[in-house]
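To start, the structure under review is shown below, and the notes come after it.
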Amino acid sequence: MQSMQSFHDAHPSYDPEDDTTPFLMNINSVENDAVWNRSSSKRCRAPSCRCVLLSVAIALILCTTALTLAIVFGGRAFVNNALESAEMAVDSLQLNATDLSIHLQGHLLHVPSTFGFTVSVVLEGVALRDVGSNAVFATIAEPISLSISPSASSFSIQSKLDVTEEALWTAAGVALLNQRNVTWLLSASATVHVAFIQWANISLIKNVTLEGCNNLSSAVAVTSFDLSDSSASRVVARMNLTIQNPSSQLSMTGLSGLTFALTTPDLKTRVGQISTLGPFDLFSASSSNISLFLHMNSNDIHSQDQHHFISRIISSVLSRESINLTAIGVNCTTPHFQGIVSALRVTAPLGSQTISSNVPPLIQHFSLQGLAVNPINGSAVNVSLSAFLQAASPLGPNCPFEMVELIFDPLHTLLVFQNTSVVGRAVFEPLSNGSFVQQQRGSTLEVNATLSGVLLLVNEDGATTEPEFVEFVRTFLTNNSVSIGVRGWFQAAVCLQALGGCQKPLRADAIPIAIDTNVDGMNGLQSVKLDSISLPTDSPDGHAVVIAVNVSVYNPSVVSLTIGSGMPLCMSTLYLGSSVAVVNSSVAQPVQLLPGWSTYAMSGLVAPVNLTSASEFFSRYMSGLSSTVTVQALETCVPPELTWLRAVVNELRVTVNVSGLVGLELVQSVEINTLLMDFNQANYSAGVVAVGSGTITAYWKSPFTFPFDVYETSMNMNMFFANRPIAHLVLPTLASRSRITVPGSGTITVSFSGIPVVLNDFASFTDYVDALVLKANTSMGISGVAALSTAVSFGNASLNGIPFSQQVALHGVDSFHCDGCVSIQSVDLTGGAPGKGFFILNLNLRSEATASLLMGRLSVQIYYMGSLLGVGVVQSADLYVGNNSFVVHATLLQSSDNAVAVRAFFSNFVQGITLSVEMHGFANGTEILVAKRAFSQLNTTAIIPGSSERLVRYGQLMWSWKIFKLMLPVRLTIYNPYNSSIAITAASFIVSFKGKRVASVSVSWAKDPIIIRAQSIEVTRNIDASIDGVSIQFLRTLIGEIHISVAGTLSVSVGDGFQQILDYVQHDIPASFLQESPPTAANFPTDSVLLAE
């Protein structure tokens, strides 16, 4: 128990219940561990178990004591042997150049057993020695402590170095960089501690083998290369290098101020200086980056070798070819490392990938400004490519340069479109300084150049690219955007001021170019317009019409395109899918689509395949309507061997909007030769106001000058008056007489009959009739469309929908106010009735109007002396142009208002006095509704001749005894010239002879009137005349005949009772006593004879 208590005192942390106590784990065997674990797991508490454990512990103490005595008395020899047999294996060495400190990590090999003890080793006076000379080149001043335990044999040394021998130090450093393995000697004085025992001043010297960098330069690569900081006086490059450290052990950090000399590959000539731009760290088994600054002063470039190598560098940059850059270490500002750096020889490849990603290409921008294509044969075309190039200086924006030569590789320059499709191989002529224009604009050189040459329709392998070329042209013509590019190589000669300017131009071969530009395509040439069209004459064979057109095409692209030179471009004009005409371009004027509008003169023949389609096209054109035609290029004008051009031409199809004819009145004027408007056939319920007939002549001005005939015409005509529609009529297809001759003018005359005039507006048409009836001159507007059936050289064609619009001058009736337009040839008294007298007037009317008006039954009011006498009726008032005769049945109506006028009218008429009467129309005087207002305003004057026949033909003086009562019996022979009987109911007149009154008569026959039948002669009964005076001449009647005059009144009754008192005067009435009976009608003297007498 005492011994167990002592054990607990010595090991207070021991817990017999805890089976994880490390002490027991270290000193017991595996078997004992198992026993212990088993016993502890059972938590044994019995006295017998405790005795067993105590016995084991005592045995262990005795063994440890025995071992300790052995180490004390034989340990030094043992330690020396152990240190001699152990080897130092390096895991890593990190050298910090800034403070010259190292961190060495490794492990020991072949280390003897420490019997479970931890061994501490302190190294003092540590020195690094050269293996060959055993000379110290560096020491470590501070002691280094190591610890070796049964479970670990690694060590770590971290301390500062003191360089004692610079040359050996440099050699050691160079060896680390260049060799695969490097061995140093490490010497020191060691003090070893095992438990409570120490051994001091043990001499230690060990080989330390390090894995070197194995020629570090082979693991260097340029990752970026930038010349943009160059100037006119020096070439400057900023580079980034990646150094792949092959050593898995060596790291070096904190190097700064490194300087290298860039040399020619043979290391003989220095061409520039390379400096680091910051500290450099080299880590084991990994990539490290270093930024460098390369500058080459132009003042330092003296030899041809220097200039040549720098030119090679820049040429490689331009051509994207790899080149090795060799640098020799010059200096290092970090202490103790200058010699190491000076011994470096580094070769770094400047690869094409590095250049492509860091240095911009020489040609940065390419835009196509013009492309002219002229065929040579089936496999090649002449091309002229106008391009705008933007070139960047390979030395950056601060180094001006000039391009003096540009040569494209004829074997490898390809023209592509849409980025991938090869159009052909371009063989361009070399460009020299005088063949292009360049201008420095900021950091960019702008070059305008024209590349001329031949485009071979083959690719690099010699396979044909004809289908691709056809597709290229087709795409360019139809799309709104096309990608065009150049692939291949070119040679360039540039002048760089940093390299001596144009005195020493830099020549670079095989500069790659892979550049594309998007160019506006022609987008199907959607803007095409027909500027003019002329059809001057028939073709020589008489089967077609010559056509000449000017066509303007808008090219929305900045690229011009020339197709064909020395050959015409044949095109078919299609309307509704059928060819109307075929036109050709001029051989002298190739089709060249310049940017913007271009105009082309083309000529050909109109020989339609389908006359119906052609008729519709020309109808729309001449009627002012636009038409859409398709212009299809034809391959017939392309030589058969130019298969690619034929394919392109077949794809050339544009749509043209042909505007209708504007500005030319096809119908120059219209004359109405004859026009008849029959208002008798009006049918207002059907909208027909009249039926028209007539002849119209249109004076035609054709837009074309070839002759043609119009053999049929139809019209749809609208009539306007005062700019208002009044009616319309449709003239069906009618035969017409015409000949449209050169220069395209002529007449078309159409006769029509029985055409209904359909009313549009009643009020407006009434105004039109007013003007025709009441005015001397007026006008009418006509407009509409005509259809012409024409005979043309290429066949019979119909021109439909031809518009016309004209103002037609018309002569109106003017209310018959013209001189001699109204005359009454004769008047016949035809009867009477109470209060009414019936007359027939033979009326002549002359119409100077344009139109004949068939008005039907008309009634007019007749005025005399301002009073209404009565009404005249014309049963059929058909008023034709020219002279017209009408029978007017007039009725005189007696009233108190017109008694004086009626008496005067009858008296003057019977006496043969010419009468001037007025004829007034009135609204109800016509049944024509549209003429009522005009007729109500009609007012004309008519001259009615007096009766040409005298009533009293002879006076038979009778001998009677009454004579002595101064009463002279007289029998009057009276002639009734009218078609109505007349009854004389009273007479009162004075008889005069030679102006002197000789007798007077006053008699009434009211109860037994003297009736004179129509157109007959009657002798009155004896009429007693009072003798008022006798003269010698009067007495002559005893032996001969005298002529007397009577003046007075007659009371007559006409017909069936129209009674009227006539004021009657008649001169030169023959009278005699000799002739006992009056003359008969046969020998009755006429008025002309009587007047002559």
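Here, A, B, ... name the chains of the structure tokens in the order displayed, residue numbers run from 1 inside each chain, and ligands are numbered from 1 in the same displayed order.
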### Task
Name the residues in contact with Pro430 of chain A at a cut-off of 8 Å, using only C-alpha atoms, excluding same-chain residues fewer than 4 positions from it; report them as a PyMOL selection string.
chain A and resi 405-408
### Task
Excluding Leu176 of chain A and any residue of its chain fewer than 4 positions from it, enumerate the residues within 10 Å of it, using only C-alpha atoms, and give them as an MDAnalysis selection string.
chainID A and resid 170:172 180:183 210:216 247 250 340
Residues just named, written with all heavy atoms as a compact mmCIF listing (two decimals), in the first residue's frame:
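Output saved as out27.txt:
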# COMPACT_ATOMS: atom_id res chain seq x y z
N THR A 170 27.96 32.51 -54.44
CA THR A 170 27.44 32.70 -55.79
C THR A 170 27.42 31.38 -56.53
O THR A 170 26.44 31.05 -57.22
CB THR A 170 28.28 33.74 -56.54
OG1 THR A 170 28.21 34.99 -55.85
CG2 THR A 170 27.80 33.91 -57.96
N ALA A 171 28.52 30.62 -56.38
CA ALA A 171 28.57 29.33 -57.07
C ALA A 171 27.47 28.41 -56.58
O ALA A 171 26.86 27.67 -57.37
CB ALA A 171 29.95 28.69 -56.87
N ALA A 172 27.27 28.44 -55.26
CA ALA A 172 26.20 27.59 -54.71
C ALA A 172 24.84 28.02 -55.26
O ALA A 172 23.98 27.18 -55.59
CB ALA A 172 26.23 27.66 -53.19
N ARG A 180 20.34 19.74 -61.38
CA ARG A 180 19.20 18.98 -60.88
C ARG A 180 19.31 18.73 -59.38
O ARG A 180 18.32 18.87 -58.67
CB ARG A 180 19.11 17.64 -61.62
CG ARG A 180 17.94 16.77 -61.17
CD ARG A 180 17.93 15.46 -61.91
NE ARG A 180 17.76 15.66 -63.34
CZ ARG A 180 16.57 15.81 -63.93
NH1 ARG A 180 15.48 15.77 -63.21
NH2 ARG A 180 16.51 15.98 -65.23
N ASN A 181 20.51 18.36 -58.88
CA ASN A 181 20.73 18.12 -57.45
C ASN A 181 22.02 18.82 -57.03
O ASN A 181 23.02 18.80 -57.74
CB ASN A 181 20.83 16.63 -57.15
CG ASN A 181 19.51 15.90 -57.39
OD1 ASN A 181 18.53 16.18 -56.72
ND2 ASN A 181 19.50 14.99 -58.36
N VAL A 182 21.98 19.40 -55.84
CA VAL A 182 23.13 20.12 -55.29
C VAL A 182 23.35 19.62 -53.85
O VAL A 182 22.39 19.52 -53.09
CB VAL A 182 22.89 21.65 -55.31
CG1 VAL A 182 24.06 22.37 -54.68
CG2 VAL A 182 22.65 22.13 -56.74
N THR A 183 24.65 19.31 -53.51
CA THR A 183 24.96 18.84 -52.16
C THR A 183 25.84 19.86 -51.45
O THR A 183 26.87 20.29 -52.00
CB THR A 183 25.68 17.49 -52.20
OG1 THR A 183 24.82 16.54 -52.86
CG2 THR A 183 25.99 16.99 -50.80
N LEU A 210 20.14 18.92 -51.98
CA LEU A 210 18.96 19.73 -52.38
C LEU A 210 18.60 19.45 -53.84
O LEU A 210 19.49 19.24 -54.67
CB LEU A 210 19.26 21.21 -52.20
CG LEU A 210 19.67 21.69 -50.80
CD1 LEU A 210 20.08 23.15 -50.83
CD2 LEU A 210 18.52 21.48 -49.83
N GLU A 211 17.31 19.51 -54.11
CA GLU A 211 16.83 19.40 -55.50
C GLU A 211 16.88 20.79 -56.14
O GLU A 211 16.20 21.71 -55.71
CB GLU A 211 15.40 18.86 -55.56
CG GLU A 211 14.91 18.64 -56.99
CD GLU A 211 13.48 18.15 -57.03
OE1 GLU A 211 12.87 17.97 -55.94
OE2 GLU A 211 12.95 17.96 -58.14
N GLY A 212 17.74 20.94 -57.18
CA GLY A 212 17.90 22.23 -57.83
C GLY A 212 16.84 22.49 -58.89
O GLY A 212 15.93 21.70 -59.12
N CYS A 213 17.00 23.64 -59.56
CA CYS A 213 16.00 24.08 -60.56
C CYS A 213 16.28 23.50 -61.94
O CYS A 213 15.48 23.72 -62.87
CB CYS A 213 15.96 25.60 -60.64
SG CYS A 213 15.35 26.38 -59.14
N ASN A 214 17.44 22.80 -62.10
CA ASN A 214 17.69 22.08 -63.35
C ASN A 214 17.57 23.00 -64.57
O ASN A 214 16.72 22.82 -65.42
CB ASN A 214 16.73 20.89 -63.47
CG ASN A 214 17.18 19.94 -64.58
OD1 ASN A 214 18.35 19.92 -64.95
ND2 ASN A 214 16.24 19.18 -65.09
N ASN A 215 18.43 24.00 -64.62
CA ASN A 215 18.42 24.95 -65.74
C ASN A 215 17.08 25.68 -65.81
O ASN A 215 16.23 25.37 -66.63
CB ASN A 215 18.72 24.23 -67.06
CG ASN A 215 18.98 25.25 -68.18
OD1 ASN A 215 19.15 26.44 -67.92
ND2 ASN A 215 19.03 24.76 -69.40
N LEU A 216 16.92 26.62 -64.94
CA LEU A 216 15.63 27.33 -64.80
C LEU A 216 15.17 27.99 -66.09
O LEU A 216 13.98 28.13 -66.34
CB LEU A 216 15.78 28.39 -63.70
CG LEU A 216 14.52 29.14 -63.29
CD1 LEU A 216 13.51 28.18 -62.70
CD2 LEU A 216 14.86 30.24 -62.29
N SER A 247 11.89 22.46 -59.35
CA SER A 247 12.31 21.93 -58.03
C SER A 247 11.12 21.87 -57.10
O SER A 247 10.36 22.84 -56.97
CB SER A 247 13.40 22.83 -57.44
OG SER A 247 13.71 22.40 -56.12
N LEU A 250 13.03 23.87 -53.56
CA LEU A 250 13.64 25.18 -53.45
C LEU A 250 12.62 26.27 -53.73
O LEU A 250 11.91 26.25 -54.73
CB LEU A 250 14.80 25.31 -54.44
CG LEU A 250 15.50 26.66 -54.47
CD1 LEU A 250 16.13 26.99 -53.11
CD2 LEU A 250 16.56 26.68 -55.57
N ILE A 340 24.86 35.89 -58.61
CA ILE A 340 23.97 34.80 -59.04
C ILE A 340 23.20 35.24 -60.28
O ILE A 340 23.10 34.51 -61.27
CB ILE A 340 23.03 34.40 -57.89
CG1 ILE A 340 23.84 33.86 -56.71
CG2 ILE A 340 22.00 33.38 -58.37
CD1 ILE A 340 23.00 33.57 -55.50
Residues of segment 875-931 of chain A that have any atom at most 10 Å from an atom of segment 848-864 of chain A: could you tabulate them with the shortest-distance atom pair and the distance in Å to one decimal, using only C-alpha atoms, ordered by chain and increasing number, as a tab-separated table?
residue	atom	partner	partner_atom	distance
A:Gln875	CA	A:Arg857	CA	4.4
A:Ser876	CA	A:Gly856	CA	4.6
A:Ala877	CA	A:Gly856	CA	5.0
A:Asp878	CA	A:Leu854	CA	4.1
A:Leu879	CA	A:Leu853	CA	5.1
A:Tyr880	CA	A:Ser852	CA	4.3
A:Val881	CA	A:Ser852	CA	5.3
A:Gly882	CA	A:Glu848	CA	6.2
A:Asn883	CA	A:Glu848	CA	8.9
A:Val888	CA	A:Ser859	CA	8.8
A:His889	CA	A:Ser859	CA	9.2
A:Ala890	CA	A:Ile862	CA	8.4
A:Thr891	CA	A:Ile862	CA	9.2
A:Leu892	CA	A:Ile862	CA	8.5
A:Asn898	CA	A:Tyr864	CA	8.9
A:Val900	CA	A:Tyr864	CA	9.9
A:Ala901	CA	A:Tyr864	CA	6.2
A:Val902	CA	A:Tyr864	CA	8.0
A:Ala904	CA	A:Tyr864	CA	8.8
A:Phe905	CA	A:Tyr864	CA	7.2
A:Leu915	CA	A:Tyr864	CA	8.4
A:Ser916	CA	A:Tyr864	CA	7.2
A:Val917	CA	A:Tyr864	CA	5.0
A:Glu918	CA	A:Tyr863	CA	4.9
A:Met919	CA	A:Ile862	CA	4.7
A:His920	CA	A:Gln861	CA	4.9
A:Gly921	CA	A:Val860	CA	4.8
A:Phe922	CA	A:Val860	CA	6.8
A:Ala923	CA	A:Ser859	CA	9.4
A:Asn924	CA	A:Ser859	CA	7.9
A:Gly925	CA	A:Ser859	CA	4.3
A:Thr926	CA	A:Leu858	CA	5.0
A:Glu927	CA	A:Arg857	CA	7.2
A:Ile928	CA	A:Met855	CA	6.8
A:Ala931	CA	A:Met855	CA	8.5
Deliver the residues from the most recent selection as a file, using C-alpha atoms, as a tab-separated table (two decimals), in the first residue's frame.
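Contents of selection07.tsv, freshly written:
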chain	number	residue	atom	x	y	z
A	875	GLN	CA	-97.77	69.55	-128.74
A	876	SER	CA	-94.24	68.31	-129.47
A	877	ALA	CA	-91.58	70.86	-128.71
A	878	ASP	CA	-88.56	69.05	-130.17
A	879	LEU	CA	-86.01	71.79	-130.35
A	880	TYR	CA	-83.17	70.71	-132.56
A	881	VAL	CA	-80.06	72.68	-133.28
A	882	GLY	CA	-80.80	74.98	-136.23
A	883	ASN	CA	-84.22	75.90	-137.62
A	888	VAL	CA	-98.74	76.70	-131.99
A	889	HIS	CA	-102.34	76.35	-131.03
A	890	ALA	CA	-103.16	79.63	-129.38
A	891	THR	CA	-106.24	80.50	-127.40
A	892	LEU	CA	-107.09	84.13	-126.72
A	898	ASN	CA	-107.21	92.41	-121.46
A	900	VAL	CA	-108.17	96.66	-124.82
A	901	ALA	CA	-105.22	94.48	-125.72
A	902	VAL	CA	-107.42	91.82	-127.34
A	904	ALA	CA	-106.01	96.02	-130.48
A	905	PHE	CA	-104.44	92.64	-131.28
A	915	LEU	CA	-97.55	92.67	-134.12
A	916	SER	CA	-94.88	92.28	-131.52
A	917	VAL	CA	-95.93	89.89	-128.82
A	918	GLU	CA	-94.14	88.39	-125.88
A	919	MET	CA	-94.10	84.73	-125.14
A	920	HIS	CA	-93.63	83.83	-121.49
A	921	GLY	CA	-93.02	80.40	-120.22
A	922	PHE	CA	-94.54	79.29	-116.94
A	923	ALA	CA	-93.92	76.43	-114.57
A	924	ASN	CA	-96.94	74.41	-115.58
A	925	GLY	CA	-96.24	75.00	-119.22
A	926	THR	CA	-94.06	71.87	-119.32
A	927	GLU	CA	-94.23	68.43	-117.89
A	928	ILE	CA	-90.43	68.17	-117.74
A	931	ALA	CA	-87.21	72.29	-116.92
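Across A:Pro725, A:Pro394, A:Pro375, A:Gly946, the tightest approach to Ile782 of chain A is made by A:Pro725 when counting only C-alpha atoms.
Nearest to Gly173 of chain A of all the residues A:Leu499, A:Met252, A:Ile913, A:Ala510 is A:Met252, based on only C-alpha atoms.
Between Val528 of chain A and the residues A:Gly501, A:Val121, A:Ser443, A:Thr599, the shortest atom-to-atom distance, using only C-alpha atoms, involves A:Thr599.
By chain and then residue number, the residues within 10 Å of Tyr684 of chain A are Val689, Ala690, Val758, Leu759, Phe762 and Leu929 of chain A, counting only C-alpha atoms and disregarding those fewer than 5 positions away in sequence.
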### Query
What are the DSSP helix (DSSP H, G or I) residues of segment 699-946 of chain A, as JSON, numbers by chain?
{"A": [762, 763, 764, 765, 766, 767, 768, 769, 770, 771, 772, 773, 774, 814, 815, 816, 899, 900, 901, 902, 903, 904, 905, 906, 907, 908, 909, 910, 929, 930, 931, 932, 933, 934, 935, 936]}
#### Entry: All residues 8 Å or closer to Ile515 of chain A, only C-alpha atoms, same chain fewer than 3 positions away omitted, as a PyMOL selection string
chain A and resi 364-366+485-487
